[in-house]
Amino acid sequence: MNGRIVDGAGNPWYRADIGVAAGRIVSIGRLEGSSKKKMDAEGLVVAPGFIDMHSHSDMQLLVNPLAESKIRQGVTTEVIGNCGSSPAPLNKYTREEAKKESGELGKKIDWDWLGFDEFLRKMQRNGVALNVAPLVGNVPIRTYVMGFEARKPKASELAKMKMLLVRCMEEGAFGLSTGLIYSPSCYAKTPEIIELCKVVARYSGIYASHIRGEGDPLISSVREAITIGREAKVPVEIAHHKAAGKRNWGKIKKTLAMIQEAREHGIDVTCDVYPYTAGATGLAAGIPSWAHEGGTDRMIERLKDPKTRSRIKREIERGIPGWENLIGTAGPENVMITSSEKHRNYQGKRISELAKAARKNSLDFIFDLLVEERSRVGIVLFMIDENDMRKVISSPFSMIGSDAGAQAPYGVLGKAKPHPRSYGTFVRVLGKYVREEGLLTLPEAVRKMTSLPARKVGLWNRGLVRVGNWADLAIFDEDTVGDQATYTDPHQYPTGIECVIVNGKVVVEGKRHTKLLPGKVLRRGRD
Ligand SMILES: [Zn+2]
């Protein structure tokens with residue numbers, strides 16, 4: 001009651017009451033009625049719950065379904081299965097591999113699913129505080145059929161991948177994601193992806209891509225994503241759009257123009273962005289693609305072999321045309337370790353300082369650590385220009401996505417020092433870029449967090465304050481909303497979020513999580 005409604009469509013606020021029953025918005029206006037429970041939102045903004053267009057909470061939500069770092073920002077729906085990686089579909093062999101790769105987190109999970117539907121049912125059974133809209137990743141599909149082989153699929157293999165994808169789409173996937181810098185997604189060439197995306201288009205799904213390169217190969221990689229959209233007639237979402245590495249700063253002007261031009265030609269290309277100048281990924285992504293062929297064990301053997309190791313070193317120092325050379329482009333002084341299970345003391349420190357302390361060359365330090373941790377090391381890379389990021393945020397077709405999983409300051413999720421975007425993405429946009437800097441208006445920022453991602457992904461009954469929509473709501477104080485998480489102290493909840501409602505149930509009230517799990521594991525077309 002009495003709140004200022006920012007409806008998600010970009011309209012200026014208006015004052016009204018919202019009536020909720022059976023999980024949905026049933027009335028908006030000056031409501032007198034005798035409702036059982038009344039909530040006063042005087043002085044606060046009432047917006048649709050935020051939709052995290054690019055989340056990696058797939059496994060985290062099984063371990064901690066409270067979704068602490070997300071729900072406390074006002075996020076009520078997460079799009080999972082991004083960057084080519086989803087926990088299903090699996091077969092018995094790929095399940096063993098996935099289990100082995102999942103480290104401490106994976107040990108807390110009962111790996112009792114194979115199919116996509118089975119995974120979604122498991123997540124729903126387990127309960128979840130917010131809604132989840134799943135994409136299916138290219139990695140599980142390709143490894144299911146071809147393992148970690150670096151080659152073109154045979155016709156029969158491509159047919160099999162398409163069959164698997166059909167099944168996932170029928171089971172409710174919202175689309176397909178690729179992570180074209182990661183093995184084995186990186187071995188898929190454009191025509192292979194177009195063939196898969198034709199299946200996705202048949203089911204009105206989307207294609208979400210971590211493109212082939214965000215550094216030196218940025219322009220050609222955006223072009224590839226647009227080509228896939230045109231040829232497969234599929235809506236394209238370019239993930240966490242950025243220009244990585246100083247020598248590529250400024251290229252964003254060109255890529256935003258390319259996206260604009262594609263849109264003028266009827267290709268539905270959009271992008272998402274997080275409000276930080278550092279990215280995050282696994283340290284293993286800094287190793288050339290060819291060295292990943294055959295999987296993690298093979299990569300580790302290559303790093304141990306002195307001759308192969310010096311070849312890899314040379315390639316990172318000099319680059320390989322067309323390859324996304326993360327470490328070489330950013331420089332070891334701009335790479336910070338976020339998670340290392342065997343060396344928690346490395347977390348929050350830069351590679352250059354750690355290597356110096358260990359009296360090692362930075363690349364040898366990296367290789368040794370990857371061997372020791374069986375490649376499970378998380379990093380943050382300081383490699384984005386603030387001005388580029390601001391350009392992407394203020395572009396009309398960008399939406400907000402954290403590129404992070406839901407974390408919590410306690411339990412197994414509290415052990416690493418993750419990128420602060422897990423806790424801060426949405427509130428940082430509202431606090432720093434709307435209130436403090438005026439880069440965009442509040443209604444425009446809310447639109448990028450609500451109706452824009454809802455329409456893109458195909459959530460037709462969410463993302464707007466409208467009668468008949470699901471009652472997902474974020475209620476906040478626009479004068480105090482803001483992020484607290486930092487790179488060295490990331491496990492900090494935000495300020496100014498007063499109440500978060502998911503499917504009509506209050507999940508966050510002031511500083512308190514009610515421990516309710518009203519979230520739904522959504523399926524395409526069955527919202
Ligand atoms: Zn990514």
# chains A, B, ... in the order shown; residues from 1 in each chain; ligands from 1
>>> residues_around(residues="Ala485 (chain A)", least_positions_apart="5", cutoff="9 Å", atoms="only C-alpha atoms", output="PyMOL selection string")
chain A and resi 419-424+490-494
>>> residues_near_ligand(ligand="ligand 1", cutoff="9 Å", atoms="only C-alpha atoms and all ligand atoms", output="list in words")
His54, Asn82, Cys83, Gly84, Thr178, Gly179, Leu180, Ile181, Ser209, His210, Ile211, Ala239, His240, Ala280, Thr281 and Asp403 of chain A
>>> write_last_selection(atoms="C-alpha atoms", output="PDB file, in the first residue's frame")
ATOM      1  CA  HIS A  54      22.671 -14.291 -16.648  1.00  0.00           C
ATOM      2  CA  ASN A  82      24.505 -19.988 -19.014  1.00  0.00           C
ATOM      3  CA  CYS A  83      27.900 -19.921 -20.769  1.00  0.00           C
ATOM      4  CA  GLY A  84      27.361 -23.367 -22.283  1.00  0.00           C
ATOM      5  CA  THR A 178      27.195 -21.641 -25.551  1.00  0.00           C
ATOM      6  CA  GLY A 179      30.492 -20.729 -23.906  1.00  0.00           C
ATOM      7  CA  LEU A 180      32.709 -20.481 -26.952  1.00  0.00           C
ATOM      8  CA  ILE A 181      35.906 -19.903 -24.978  1.00  0.00           C
ATOM      9  CA  SER A 209      26.189 -16.926 -25.894  1.00  0.00           C
ATOM     10  CA  HIS A 210      29.419 -16.235 -24.123  1.00  0.00           C
ATOM     11  CA  ILE A 211      30.919 -15.313 -27.470  1.00  0.00           C
ATOM     12  CA  ALA A 239      26.251 -12.455 -22.499  1.00  0.00           C
ATOM     13  CA  HIS A 240      28.092 -10.030 -20.208  1.00  0.00           C
ATOM     14  CA  ALA A 280      35.450 -13.549 -13.459  1.00  0.00           C
ATOM     15  CA  THR A 281      35.969 -17.087 -14.661  1.00  0.00           C
ATOM     16  CA  ASP A 403      27.113 -13.626 -14.423  1.00  0.00           C
TER      17      ASP A 403
END
>>> select_by_dssp(residues="region 407-487 of chain A", states="helix (DSSP H, G or I)", output="PyMOL selection string")
chain A and resi 412-414+421-436+442-449+451-457
>>> atom_distance(atom1="CA of Ala357 (chain A)", atom2="CA of Ser340 (chain A)")
16.9 Å
>>> atom_distance(atom1="CA of Val45 (chain A)", atom2="CA of Ala474 (chain A)")
8.1 Å
>>> residues_around(residues="Gly279 (chain A)", least_positions_apart="2", cutoff="7 Å", atoms="only C-alpha atoms", output="ChimeraX atom specification")
/A:277,380-382
>>> select_by_dssp(residues="region 102-331 of chain A", states="strand (DSSP E or B)", output="MDAnalysis selection string")
chainID A and resid 128 131:134 136:137 175:179 206:210 236:238 269:273 278:282
>>> closest_residue(among="A:Val467, A:Val481, A:Ile475, A:Met59", to="Ala98 (chain A)", atoms="only C-alpha atoms")
A:Met59
>>> residues_around(residues="Ser352 (chain A)", least_positions_apart="5", cutoff="10 Å", atoms="only C-alpha atoms", output="JSON, numbers by chain")
{"A": [331, 332, 333, 334, 335, 336, 357, 358, 360, 361, 362, 363, 365, 366]}
>>> residues_around(residues="Pro518 (chain A)", least_positions_apart="5", cutoff="9 Å", atoms="only C-alpha atoms", output="short mmCIF file (atom, residue, chain, number, x, y, z; two decimals) with N, CA and C atoms, in the first residue's frame")
data_model
loop_
_atom_site.label_atom_id
_atom_site.label_comp_id
_atom_site.auth_asym_id
_atom_site.auth_seq_id
_atom_site.Cartn_x
_atom_site.Cartn_y
_atom_site.Cartn_z
N GLY A 127 13.22 -27.49 -3.35
CA GLY A 127 12.71 -26.18 -2.95
C GLY A 127 13.68 -25.09 -3.30
N VAL A 128 13.14 -23.90 -3.61
CA VAL A 128 14.00 -22.79 -4.00
C VAL A 128 13.28 -21.47 -3.67
N ALA A 129 14.05 -20.50 -3.17
CA ALA A 129 13.45 -19.25 -2.70
C ALA A 129 12.96 -18.37 -3.83
N LEU A 130 13.60 -18.46 -5.00
CA LEU A 130 13.20 -17.63 -6.13
C LEU A 130 12.90 -18.51 -7.33
N ASN A 131 12.37 -17.91 -8.39
CA ASN A 131 12.06 -18.68 -9.60
C ASN A 131 13.32 -18.90 -10.41
N VAL A 502 7.99 -13.28 -3.68
CA VAL A 502 8.07 -14.24 -4.78
C VAL A 502 6.77 -15.02 -4.84
N ASN A 503 6.10 -14.98 -5.97
CA ASN A 503 4.80 -15.66 -6.14
C ASN A 503 3.86 -15.38 -4.96
N GLY A 504 3.85 -14.12 -4.55
CA GLY A 504 2.92 -13.69 -3.49
C GLY A 504 3.39 -13.91 -2.06
N LYS A 505 4.55 -14.55 -1.90
CA LYS A 505 5.05 -14.84 -0.54
C LYS A 505 6.26 -13.95 -0.21
N VAL A 506 6.26 -13.46 1.03
CA VAL A 506 7.36 -12.59 1.46
C VAL A 506 8.60 -13.44 1.80
N VAL A 507 9.68 -13.22 1.07
CA VAL A 507 10.91 -13.99 1.32
C VAL A 507 11.95 -13.15 2.06
#
>>> decode(residues="region 307-319 of chain A", atoms="all heavy atoms", output="mmCIF file, in the first residue's frame")
data_model
loop_
_atom_site.group_PDB
_atom_site.id
_atom_site.type_symbol
_atom_site.label_atom_id
_atom_site.label_comp_id
_atom_site.auth_asym_id
_atom_site.auth_seq_id
_atom_site.Cartn_x
_atom_site.Cartn_y
_atom_site.Cartn_z
ATOM 1 N N LYS A 307 58.042 -29.947 -22.273
ATOM 2 C CA LYS A 307 58.036 -29.421 -23.650
ATOM 3 C C LYS A 307 56.697 -28.756 -23.976
ATOM 4 O O LYS A 307 56.640 -27.670 -24.549
ATOM 5 C CB LYS A 307 58.305 -30.557 -24.642
ATOM 6 C CG LYS A 307 59.594 -30.320 -25.428
ATOM 7 C CD LYS A 307 59.864 -31.402 -26.441
ATOM 8 C CE LYS A 307 59.243 -31.052 -27.794
ATOM 9 N NZ LYS A 307 59.339 -32.197 -28.732
ATOM 10 N N THR A 308 55.615 -29.450 -23.602
ATOM 11 C CA THR A 308 54.280 -28.901 -23.890
ATOM 12 C C THR A 308 54.046 -27.646 -23.050
ATOM 13 O O THR A 308 53.466 -26.677 -23.517
ATOM 14 C CB THR A 308 53.193 -29.956 -23.583
ATOM 15 O OG1 THR A 308 53.688 -31.228 -23.979
ATOM 16 C CG2 THR A 308 51.918 -29.669 -24.337
ATOM 17 N N ARG A 309 54.536 -27.686 -21.815
ATOM 18 C CA ARG A 309 54.389 -26.522 -20.947
ATOM 19 C C ARG A 309 55.056 -25.298 -21.569
ATOM 20 O O ARG A 309 54.477 -24.210 -21.583
ATOM 21 C CB ARG A 309 55.007 -26.808 -19.570
ATOM 22 C CG ARG A 309 54.960 -25.600 -18.648
ATOM 23 C CD ARG A 309 55.688 -25.870 -17.342
ATOM 24 N NE ARG A 309 54.832 -26.550 -16.394
ATOM 25 C CZ ARG A 309 54.623 -26.147 -15.127
ATOM 26 N NH1 ARG A 309 55.208 -25.058 -14.661
ATOM 27 N NH2 ARG A 309 53.866 -26.826 -14.325
ATOM 28 N N SER A 310 56.238 -25.454 -22.125
ATOM 29 C CA SER A 310 56.876 -24.254 -22.685
ATOM 30 C C SER A 310 56.161 -23.784 -23.954
ATOM 31 O O SER A 310 56.135 -22.593 -24.231
ATOM 32 C CB SER A 310 58.381 -24.423 -22.903
ATOM 33 O OG SER A 310 58.651 -25.639 -23.484
ATOM 34 N N ARG A 311 55.551 -24.719 -24.688
ATOM 35 C CA ARG A 311 54.752 -24.277 -25.842
ATOM 36 C C ARG A 311 53.555 -23.429 -25.364
ATOM 37 O O ARG A 311 53.285 -22.354 -25.904
ATOM 38 C CB ARG A 311 54.243 -25.512 -26.628
ATOM 39 C CG ARG A 311 53.306 -25.114 -27.743
ATOM 40 C CD ARG A 311 52.756 -26.298 -28.531
ATOM 41 N NE ARG A 311 51.592 -25.864 -29.313
ATOM 42 C CZ ARG A 311 50.761 -26.683 -29.914
ATOM 43 N NH1 ARG A 311 50.930 -27.991 -29.841
ATOM 44 N NH2 ARG A 311 49.736 -26.199 -30.596
ATOM 45 N N ILE A 312 52.871 -23.912 -24.309
ATOM 46 C CA ILE A 312 51.703 -23.181 -23.784
ATOM 47 C C ILE A 312 52.120 -21.794 -23.278
ATOM 48 O O ILE A 312 51.460 -20.791 -23.529
ATOM 49 C CB ILE A 312 51.023 -24.012 -22.662
ATOM 50 C CG1 ILE A 312 50.412 -25.293 -23.261
ATOM 51 C CG2 ILE A 312 49.955 -23.202 -21.936
ATOM 52 C CD1 ILE A 312 49.885 -26.290 -22.241
ATOM 53 N N LYS A 313 53.275 -21.785 -22.605
ATOM 54 C CA LYS A 313 53.795 -20.523 -22.087
ATOM 55 C C LYS A 313 54.016 -19.516 -23.225
ATOM 56 O O LYS A 313 53.580 -18.367 -23.158
ATOM 57 C CB LYS A 313 55.121 -20.806 -21.381
ATOM 58 C CG LYS A 313 55.503 -19.758 -20.356
ATOM 59 C CD LYS A 313 56.883 -20.033 -19.814
ATOM 60 C CE LYS A 313 56.863 -20.684 -18.449
ATOM 61 N NZ LYS A 313 58.211 -20.970 -17.945
ATOM 62 N N ARG A 314 54.681 -19.998 -24.275
ATOM 63 C CA ARG A 314 54.948 -19.147 -25.444
ATOM 64 C C ARG A 314 53.651 -18.605 -26.030
ATOM 65 O O ARG A 314 53.537 -17.433 -26.377
ATOM 66 C CB ARG A 314 55.693 -19.994 -26.489
ATOM 67 C CG ARG A 314 56.954 -19.337 -26.983
ATOM 68 C CD ARG A 314 57.774 -20.190 -27.942
ATOM 69 N NE ARG A 314 57.123 -21.311 -28.572
ATOM 70 C CZ ARG A 314 57.419 -22.599 -28.334
ATOM 71 N NH1 ARG A 314 58.326 -22.906 -27.424
ATOM 72 N NH2 ARG A 314 56.792 -23.570 -28.983
ATOM 73 N N GLU A 315 52.656 -19.471 -26.119
ATOM 74 C CA GLU A 315 51.397 -19.055 -26.750
ATOM 75 C C GLU A 315 50.648 -18.017 -25.908
ATOM 76 O O GLU A 315 49.998 -17.133 -26.455
ATOM 77 C CB GLU A 315 50.519 -20.282 -27.014
ATOM 78 C CG GLU A 315 51.080 -21.132 -28.138
ATOM 79 C CD GLU A 315 50.306 -22.410 -28.371
ATOM 80 O OE1 GLU A 315 49.516 -22.812 -27.490
ATOM 81 O OE2 GLU A 315 50.498 -23.023 -29.438
ATOM 82 N N ILE A 316 50.739 -18.143 -24.591
ATOM 83 C CA ILE A 316 50.082 -17.139 -23.746
ATOM 84 C C ILE A 316 50.843 -15.814 -23.860
ATOM 85 O O ILE A 316 50.246 -14.738 -23.910
ATOM 86 C CB ILE A 316 49.999 -17.619 -22.275
ATOM 87 C CG1 ILE A 316 49.060 -18.832 -22.185
ATOM 88 C CG2 ILE A 316 49.528 -16.498 -21.357
ATOM 89 C CD1 ILE A 316 48.976 -19.483 -20.820
ATOM 90 N N GLU A 317 52.187 -15.894 -23.938
ATOM 91 C CA GLU A 317 52.981 -14.664 -24.061
ATOM 92 C C GLU A 317 52.758 -13.961 -25.399
ATOM 93 O O GLU A 317 52.653 -12.741 -25.463
ATOM 94 C CB GLU A 317 54.473 -14.985 -23.873
ATOM 95 C CG GLU A 317 54.838 -15.127 -22.401
ATOM 96 C CD GLU A 317 56.142 -15.896 -22.179
ATOM 97 O OE1 GLU A 317 56.784 -16.334 -23.173
ATOM 98 O OE2 GLU A 317 56.517 -16.064 -21.008
ATOM 99 N N ARG A 318 52.637 -14.755 -26.464
ATOM 100 C CA ARG A 318 52.528 -14.141 -27.800
ATOM 101 C C ARG A 318 51.119 -14.109 -28.356
ATOM 102 O O ARG A 318 50.836 -13.385 -29.291
ATOM 103 C CB ARG A 318 53.412 -14.912 -28.795
ATOM 104 C CG ARG A 318 54.874 -14.789 -28.472
ATOM 105 C CD ARG A 318 55.700 -15.548 -29.482
ATOM 106 N NE ARG A 318 57.028 -15.811 -28.958
ATOM 107 C CZ ARG A 318 57.866 -16.711 -29.452
ATOM 108 N NH1 ARG A 318 57.496 -17.443 -30.497
ATOM 109 N NH2 ARG A 318 59.061 -16.885 -28.931
ATOM 110 N N GLY A 319 50.230 -14.951 -27.829
ATOM 111 C CA GLY A 319 48.869 -15.037 -28.363
ATOM 112 C C GLY A 319 48.781 -15.969 -29.557
ATOM 113 O O GLY A 319 49.793 -16.318 -30.165
#
